[in-house]
Amino acid sequence: YPRMQALSEGVWSGKDKKGFGSFVQRLQPHLKWMEQEGIQAANPLFDIQAEVIGGQGAPVALSFSNMAGAGEIRVQVGRGREMAYDKPLRPVDGTYRAQTYVDGKPAGRSTSIRFKQHLGVGQRIELKHLPHPKYNGSKPAAILNGVKGSNERYGDAEWIGIDKEDFDALIFFDEAKKVSTVSFRFFHGPGQWINAPREVKVFALQEEGQYIQFGILTLPVPEGKILEATLELRQPA
């Protein structure tokens with residue numbers, strides 16, 4: 001359970017009439033009945049799904065939802081009090097924890113997302129080589145959205161992967177900004193054919209239309225799954 005209900009839905013409805021949203025709504029009474037009968041059924045309907053939206057030249061926001069589209073979602077920022085969630089939040093630095101409540105009681109699994117503001121958040125980014133579909137995350141905007149990828153899993157929405165090509169990106173700032181350092185974070189999983197880069201370079205476009213190198217950093221072989229590095233930019237001689 002509730003796979004039997006899902007199987008029945010598919011068989012009865014046929015290919016042309018399947019509707020997941022409608023099925024989710026009709027499944028909820030069945031789940032309540034199972035709970036009353038002591039049946040240990042998997043119930044992900046109220047698990048919180050977090051997403052960073054916006055970016056690519058637009059302000060970013062944090063969005064929280066659940067599969068059921070029901071219940072009350074409450075969000076806690078840091079150690080503050082929970083507040084009712086009704087629309088995407090414009091984030092500030094901190095950890096956001098969201099939980100669904102049904103009839104005043106927690107339902108489903110909560111989730112937490114940590115946001116860190118930096119100069120690149122919301123700016124437009126273009127990649128020379130598109131992410132591989134297996135490691136596509138939230139598309140290129142994930143690189144600048146202020147949320148770090150998982151320390152353990154490369155398959156979450158915040159990691160992207162480039163296959164057999166260099167990572168080559170252009171960041172377009174909406175106005176002139178003074179940048180002194182650039183921080184990087186890479187996932188390293190040789191067993192899954194995922195390798196952190198060996199070197200990073202940072203260039204800036206000059207008024208003359210030429211790219212000038214402002215920094216280069218040789219990276220060590222990571223001892224664990226995560227490699228973090230910061231490059232200090234220097235004016236070329």
# chains A, B, ... in the order shown; residues from 1 in each chain; ligands from 1

$ select_by_dssp --residues "stretch 10-208 of chain A" --states "strand (DSSP E)" --output "JSON list (two decimals) with N, CA, C and O atoms, in the first residue's frame"
[["chain", "number", "residue", "atom", "x", "y", "z"],
["A", 49, "GLN", "N", 8.28, 19.48, -0.40],
["A", 49, "GLN", "CA", 9.16, 19.61, -1.56],
["A", 49, "GLN", "C", 9.60, 21.07, -1.63],
["A", 49, "GLN", "O", 8.76, 21.97, -1.73],
["A", 50, "ALA", "N", 10.91, 21.29, -1.54],
["A", 50, "ALA", "CA", 11.45, 22.65, -1.57],
["A", 50, "ALA", "C", 12.09, 22.92, -2.92],
["A", 50, "ALA", "O", 12.70, 22.04, -3.53],
["A", 51, "GLU", "N", 11.95, 24.15, -3.38],
["A", 51, "GLU", "CA", 12.51, 24.52, -4.69],
["A", 51, "GLU", "C", 12.94, 25.98, -4.66],
["A", 51, "GLU", "O", 12.26, 26.83, -4.09],
["A", 52, "VAL", "N", 14.10, 26.25, -5.27],
["A", 52, "VAL", "CA", 14.55, 27.63, -5.46],
["A", 52, "VAL", "C", 14.06, 28.07, -6.84],
["A", 52, "VAL", "O", 14.41, 27.46, -7.85],
["A", 53, "ILE", "N", 13.25, 29.10, -6.87],
["A", 53, "ILE", "CA", 12.70, 29.57, -8.15],
["A", 53, "ILE", "C", 13.28, 30.95, -8.48],
["A", 53, "ILE", "O", 13.85, 31.62, -7.63],
["A", 54, "GLY", "N", 13.09, 31.37, -9.71],
["A", 54, "GLY", "CA", 13.63, 32.66, -10.14],
["A", 54, "GLY", "C", 15.06, 32.50, -10.62],
["A", 54, "GLY", "O", 15.49, 31.46, -11.09],
["A", 55, "GLY", "N", 15.84, 33.55, -10.49],
["A", 55, "GLY", "CA", 17.21, 33.54, -11.00],
["A", 55, "GLY", "C", 17.24, 33.87, -12.48],
["A", 55, "GLY", "O", 16.23, 34.25, -13.08],
["A", 58, "ALA", "N", 16.39, 37.35, -12.56],
["A", 58, "ALA", "CA", 15.23, 37.66, -11.71],
["A", 58, "ALA", "C", 15.56, 37.33, -10.27],
["A", 58, "ALA", "O", 16.40, 36.47, -9.99],
["A", 59, "PRO", "N", 14.88, 37.98, -9.31],
["A", 59, "PRO", "CA", 15.13, 37.67, -7.90],
["A", 59, "PRO", "C", 14.80, 36.19, -7.61],
["A", 59, "PRO", "O", 13.88, 35.62, -8.20],
["A", 60, "VAL", "N", 15.57, 35.59, -6.70],
["A", 60, "VAL", "CA", 15.29, 34.21, -6.33],
["A", 60, "VAL", "C", 14.31, 34.18, -5.17],
["A", 60, "VAL", "O", 14.17, 35.15, -4.41],
["A", 61, "ALA", "N", 13.61, 33.06, -5.04],
["A", 61, "ALA", "CA", 12.65, 32.87, -3.96],
["A", 61, "ALA", "C", 12.63, 31.40, -3.60],
["A", 61, "ALA", "O", 12.99, 30.53, -4.41],
["A", 62, "LEU", "N", 12.19, 31.10, -2.38],
["A", 62, "LEU", "CA", 12.07, 29.72, -1.91],
["A", 62, "LEU", "C", 10.61, 29.32, -1.95],
["A", 62, "LEU", "O", 9.75, 30.01, -1.39],
["A", 63, "SER", "N", 10.34, 28.19, -2.60],
["A", 63, "SER", "CA", 8.98, 27.69, -2.74],
["A", 63, "SER", "C", 8.84, 26.35, -2.01],
["A", 63, "SER", "O", 9.73, 25.49, -2.13],
["A", 64, "PHE", "N", 7.74, 26.17, -1.28],
["A", 64, "PHE", "CA", 7.49, 24.93, -0.55],
["A", 64, "PHE", "C", 6.11, 24.40, -0.91],
["A", 64, "PHE", "O", 5.15, 25.17, -1.02],
["A", 65, "SER", "N", 6.01, 23.10, -1.11],
["A", 65, "SER", "CA", 4.74, 22.50, -1.48],
["A", 65, "SER", "C", 4.72, 21.05, -1.03],
["A", 65, "SER", "O", 5.72, 20.52, -0.51],
["A", 72, "GLU", "N", -1.72, 22.60, 5.89],
["A", 72, "GLU", "CA", -1.10, 23.90, 6.11],
["A", 72, "GLU", "C", 0.41, 23.73, 6.17],
["A", 72, "GLU", "O", 0.91, 22.88, 6.91],
["A", 73, "ILE", "N", 1.12, 24.52, 5.40],
["A", 73, "ILE", "CA", 2.58, 24.49, 5.43],
["A", 73, "ILE", "C", 3.07, 25.64, 6.31],
["A", 73, "ILE", "O", 2.63, 26.78, 6.15],
["A", 74, "ARG", "N", 3.95, 25.30, 7.23],
["A", 74, "ARG", "CA", 4.55, 26.31, 8.10],
["A", 74, "ARG", "C", 6.05, 26.30, 7.90],
["A", 74, "ARG", "O", 6.66, 25.25, 7.70],
["A", 75, "VAL", "N", 6.64, 27.48, 7.97],
["A", 75, "VAL", "CA", 8.07, 27.65, 7.74],
["A", 75, "VAL", "C", 8.72, 28.29, 8.96],
["A", 75, "VAL", "O", 8.18, 29.26, 9.51],
["A", 76, "GLN", "N", 9.85, 27.75, 9.35],
["A", 76, "GLN", "CA", 10.63, 28.30, 10.45],
["A", 76, "GLN", "C", 11.97, 28.76, 9.91],
["A", 76, "GLN", "O", 12.65, 28.01, 9.20],
["A", 77, "VAL", "N", 12.37, 29.97, 10.22],
["A", 77, "VAL", "CA", 13.65, 30.51, 9.78],
["A", 77, "VAL", "C", 14.59, 30.54, 10.98],
["A", 77, "VAL", "O", 14.31, 31.23, 11.97],
["A", 83, "MET", "N", 5.90, 30.17, 10.89],
["A", 83, "MET", "CA", 4.94, 31.10, 10.31],
["A", 83, "MET", "C", 4.22, 30.39, 9.16],
["A", 83, "MET", "O", 4.78, 29.52, 8.49],
["A", 84, "ALA", "N", 2.97, 30.75, 8.96],
["A", 84, "ALA", "CA", 2.19, 30.15, 7.89],
["A", 84, "ALA", "C", 2.79, 30.54, 6.54],
["A", 84, "ALA", "O", 3.16, 31.69, 6.32],
["A", 94, "GLY", "N", 20.20, 32.18, 6.10],
["A", 94, "GLY", "CA", 19.66, 31.38, 7.18],
["A", 94, "GLY", "C", 19.15, 30.04, 6.70],
["A", 94, "GLY", "O", 19.16, 29.74, 5.50],
["A", 95, "THR", "N", 18.68, 29.24, 7.65],
["A", 95, "THR", "CA", 18.13, 27.92, 7.37],
["A", 95, "THR", "C", 16.62, 27.97, 7.45],
["A", 95, "THR", "O", 16.06, 28.47, 8.44],
["A", 96, "TYR", "N", 15.96, 27.47, 6.42],
["A", 96, "TYR", "CA", 14.51, 27.46, 6.34],
["A", 96, "TYR", "C", 14.02, 26.02, 6.49],
["A", 96, "TYR", "O", 14.41, 25.14, 5.71],
["A", 97, "ARG", "N", 13.18, 25.79, 7.47],
["A", 97, "ARG", "CA", 12.61, 24.45, 7.69],
["A", 97, "ARG", "C", 11.11, 24.53, 7.46],
["A", 97, "ARG", "O", 10.42, 25.41, 8.01],
["A", 98, "ALA", "N", 10.57, 23.62, 6.64],
["A", 98, "ALA", "CA", 9.14, 23.63, 6.32],
["A", 98, "ALA", "C", 8.51, 22.30, 6.70],
["A", 98, "ALA", "O", 9.12, 21.24, 6.56],
["A", 99, "GLN", "N", 7.27, 22.37, 7.19],
["A", 99, "GLN", "CA", 6.54, 21.18, 7.64],
["A", 99, "GLN", "C", 5.07, 21.34, 7.28],
["A", 99, "GLN", "O", 4.50, 22.43, 7.38],
["A", 100, "THR", "N", 4.44, 20.25, 6.83],
["A", 100, "THR", "CA", 3.00, 20.24, 6.60],
["A", 100, "THR", "C", 2.27, 19.89, 7.89],
["A", 100, "THR", "O", 2.72, 19.01, 8.65],
["A", 101, "TYR", "N", 1.15, 20.56, 8.12],
["A", 101, "TYR", "CA", 0.28, 20.24, 9.26],
["A", 101, "TYR", "C", -1.11, 19.92, 8.75],
["A", 101, "TYR", "O", -1.65, 20.61, 7.87],
["A", 102, "VAL", "N", -1.70, 18.87, 9.28],
["A", 102, "VAL", "CA", -3.07, 18.49, 8.98],
["A", 102, "VAL", "C", -3.83, 18.39, 10.30],
["A", 102, "VAL", "O", -3.40, 17.65, 11.19],
["A", 105, "LYS", "N", -1.68, 18.87, 13.36],
["A", 105, "LYS", "CA", -0.63, 17.93, 13.69],
["A", 105, "LYS", "C", 0.35, 17.79, 12.51],
["A", 105, "LYS", "O", -0.08, 17.84, 11.35],
["A", 106, "PRO", "N", 1.64, 17.59, 12.79],
["A", 106, "PRO", "CA", 2.60, 17.42, 11.70],
["A", 106, "PRO", "C", 2.24, 16.22, 10.84],
["A", 106, "PRO", "O", 1.83, 15.16, 11.35],
["A", 107, "ALA", "N", 2.37, 16.37, 9.53],
["A", 107, "ALA", "CA", 2.08, 15.28, 8.58],
["A", 107, "ALA", "C", 3.19, 15.24, 7.54],
["A", 107, "ALA", "O", 3.60, 16.27, 7.02],
["A", 108, "GLY", "N", 3.67, 14.05, 7.24],
["A", 108, "GLY", "CA", 4.73, 13.92, 6.26],
["A", 108, "GLY", "C", 6.07, 14.37, 6.82],
["A", 108, "GLY", "O", 6.19, 14.79, 7.98],
["A", 109, "ARG", "N", 7.08, 14.26, 5.99],
["A", 109, "ARG", "CA", 8.43, 14.64, 6.39],
["A", 109, "ARG", "C", 8.70, 16.11, 6.11],
["A", 109, "ARG", "O", 8.29, 16.64, 5.09],
["A", 110, "SER", "N", 9.39, 16.73, 7.04],
["A", 110, "SER", "CA", 9.79, 18.13, 6.85],
["A", 110, "SER", "C", 11.04, 18.16, 5.97],
["A", 110, "SER", "O", 11.63, 17.13, 5.65],
["A", 111, "THR", "N", 11.43, 19.35, 5.58],
["A", 111, "THR", "CA", 12.68, 19.51, 4.86],
["A", 111, "THR", "C", 13.32, 20.83, 5.26],
["A", 111, "THR", "O", 12.63, 21.75, 5.73],
["A", 112, "SER", "N", 14.63, 20.91, 5.11],
["A", 112, "SER", "CA", 15.36, 22.13, 5.45],
["A", 112, "SER", "C", 16.21, 22.55, 4.27],
["A", 112, "SER", "O", 16.72, 21.70, 3.52],
["A", 113, "ILE", "N", 16.34, 23.84, 4.10],
["A", 113, "ILE", "CA", 17.16, 24.38, 3.02],
["A", 113, "ILE", "C", 17.93, 25.58, 3.58],
["A", 113, "ILE", "O", 17.35, 26.43, 4.26],
["A", 114, "ARG", "N", 19.22, 25.62, 3.33],
["A", 114, "ARG", "CA", 20.06, 26.70, 3.84],
["A", 114, "ARG", "C", 20.41, 27.65, 2.70],
["A", 114, "ARG", "O", 20.93, 27.21, 1.66],
["A", 115, "PHE", "N", 20.16, 28.92, 2.91],
["A", 115, "PHE", "CA", 20.41, 29.93, 1.89],
["A", 115, "PHE", "C", 21.52, 30.87, 2.33],
["A", 115, "PHE", "O", 21.59, 31.30, 3.49],
["A", 124, "ARG", "N", 22.28, 36.37, -14.29],
["A", 124, "ARG", "CA", 22.13, 35.48, -15.44],
["A", 124, "ARG", "C", 23.43, 34.74, -15.71],
["A", 124, "ARG", "O", 24.51, 35.33, -15.66],
["A", 125, "ILE", "N", 23.32, 33.45, -16.00],
["A", 125, "ILE", "CA", 24.49, 32.64, -16.29],
["A", 125, "ILE", "C", 24.21, 31.81, -17.54],
["A", 125, "ILE", "O", 23.11, 31.33, -17.75],
["A", 126, "GLU", "N", 25.23, 31.70, -18.39],
["A", 126, "GLU", "CA", 25.13, 30.88, -19.60],
["A", 126, "GLU", "C", 26.28, 29.88, -19.59],
["A", 126, "GLU", "O", 27.41, 30.23, -19.25],
["A", 127, "LEU", "N", 25.98, 28.64, -19.99],
["A", 127, "LEU", "CA", 26.99, 27.60, -20.06],
["A", 127, "LEU", "C", 27.31, 27.27, -21.51],
["A", 127, "LEU", "O", 26.40, 27.16, -22.35],
["A", 169, "ALA", "N", 31.54, 28.89, -18.18],
["A", 169, "ALA", "CA", 30.33, 29.67, -17.89],
["A", 169, "ALA", "C", 30.60, 31.17, -18.01],
["A", 169, "ALA", "O", 31.71, 31.65, -17.74],
["A", 170, "LEU", "N", 29.57, 31.89, -18.42],
["A", 170, "LEU", "CA", 29.58, 33.35, -18.44],
["A", 170, "LEU", "C", 28.52, 33.86, -17.47],
["A", 170, "LEU", "O", 27.36, 33.44, -17.52],
["A", 171, "ILE", "N", 28.92, 34.75, -16.58],
["A", 171, "ILE", "CA", 27.98, 35.36, -15.62],
["A", 171, "ILE", "C", 27.80, 36.82, -16.02],
["A", 171, "ILE", "O", 28.78, 37.56, -16.17],
["A", 172, "PHE", "N", 26.55, 37.22, -16.20],
["A", 172, "PHE", "CA", 26.22, 38.58, -16.62],
["A", 172, "PHE", "C", 25.62, 39.34, -15.43],
["A", 172, "PHE", "O", 24.48, 39.07, -15.03],
["A", 181, "THR", "N", 36.84, 37.80, -4.47],
["A", 181, "THR", "CA", 37.06, 36.36, -4.39],
["A", 181, "THR", "C", 35.91, 35.63, -5.10],
["A", 181, "THR", "O", 34.80, 36.15, -5.21],
["A", 182, "VAL", "N", 36.23, 34.43, -5.56],
["A", 182, "VAL", "CA", 35.22, 33.55, -6.15],
["A", 182, "VAL", "C", 35.34, 32.19, -5.46],
["A", 182, "VAL", "O", 36.43, 31.62, -5.38],
["A", 183, "SER", "N", 34.22, 31.70, -4.93],
["A", 183, "SER", "CA", 34.22, 30.42, -4.23],
["A", 183, "SER", "C", 33.60, 29.33, -5.10],
["A", 183, "SER", "O", 32.64, 29.57, -5.83],
["A", 184, "PHE", "N", 34.16, 28.14, -4.98],
["A", 184, "PHE", "CA", 33.72, 27.00, -5.77],
["A", 184, "PHE", "C", 33.40, 25.83, -4.85],
["A", 184, "PHE", "O", 33.96, 25.70, -3.76],
["A", 185, "ARG", "N", 32.51, 24.97, -5.33],
["A", 185, "ARG", "CA", 32.16, 23.76, -4.58],
["A", 185, "ARG", "C", 31.88, 22.64, -5.58],
["A", 185, "ARG", "O", 31.05, 22.80, -6.47],
["A", 186, "PHE", "N", 32.60, 21.52, -5.42],
["A", 186, "PHE", "CA", 32.50, 20.43, -6.38],
["A", 186, "PHE", "C", 32.19, 19.12, -5.66],
["A", 186, "PHE", "O", 32.63, 18.90, -4.53],
["A", 187, "PHE", "N", 31.44, 18.27, -6.36],
["A", 187, "PHE", "CA", 31.19, 16.91, -5.86],
["A", 187, "PHE", "C", 32.20, 15.97, -6.51],
["A", 187, "PHE", "O", 32.48, 16.07, -7.70],
["A", 199, "GLU", "N", 41.66, 22.22, -12.11],
["A", 199, "GLU", "CA", 42.09, 23.62, -12.18],
["A", 199, "GLU", "C", 40.89, 24.50, -12.51],
["A", 199, "GLU", "O", 39.99, 24.09, -13.24],
["A", 200, "VAL", "N", 40.88, 25.71, -11.95],
["A", 200, "VAL", "CA", 39.85, 26.69, -12.30],
["A", 200, "VAL", "C", 40.53, 28.01, -12.68],
["A", 200, "VAL", "O", 41.58, 28.37, -12.13],
["A", 201, "LYS", "N", 39.91, 28.71, -13.64],
["A", 201, "LYS", "CA", 40.40, 30.01, -14.08],
["A", 201, "LYS", "C", 39.22, 30.99, -14.10],
["A", 201, "LYS", "O", 38.10, 30.60, -14.44],
["A", 202, "VAL", "N", 39.50, 32.23, -13.76],
["A", 202, "VAL", "CA", 38.48, 33.26, -13.77],
["A", 202, "VAL", "C", 38.95, 34.41, -14.66],
["A", 202, "VAL", "O", 40.08, 34.89, -14.52],
["A", 203, "PHE", "N", 38.07, 34.84, -15.56],
["A", 203, "PHE", "CA", 38.36, 35.93, -16.47],
["A", 203, "PHE", "C", 37.31, 37.03, -16.30],
["A", 203, "PHE", "O", 36.20, 36.77, -15.83],
["A", 204, "ALA", "N", 37.64, 38.23, -16.69],
["A", 204, "ALA", "CA", 36.69, 39.35, -16.71],
["A", 204, "ALA", "C", 36.74, 40.00, -18.08],
["A", 204, "ALA", "O", 37.81, 40.11, -18.70],
["A", 205, "LEU", "N", 35.59, 40.43, -18.55],
["A", 205, "LEU", "CA", 35.50, 41.07, -19.86],
["A", 205, "LEU", "C", 35.80, 42.56, -19.72],
["A", 205, "LEU", "O", 35.16, 43.27, -18.94]]

$ select_by_dssp --residues "stretch 9-201 of chain A" --states "helix (DSSP H, G or I)" --output "PyMOL selection string"
chain A and resi 9-13+15-17+20-36+133-135+140-144+190-192

$ atom_distance --atom1 "atom CA of A:Trp12" --atom2 "atom CA of A:Leu31"
19.3 Å

$ closest_residue --among "A:Arg198, A:Asp93, A:Ala141, A:Asp174" --to "A:Gly78" --atoms "only C-alpha atoms"
A:Asp93

$ residues_around --residues "A:Gly149" --least-positions-apart "4" --cutoff "8 Å" --atoms "only C-alpha atoms" --output "PyMOL selection string"
chain A and resi 153-154+156-159
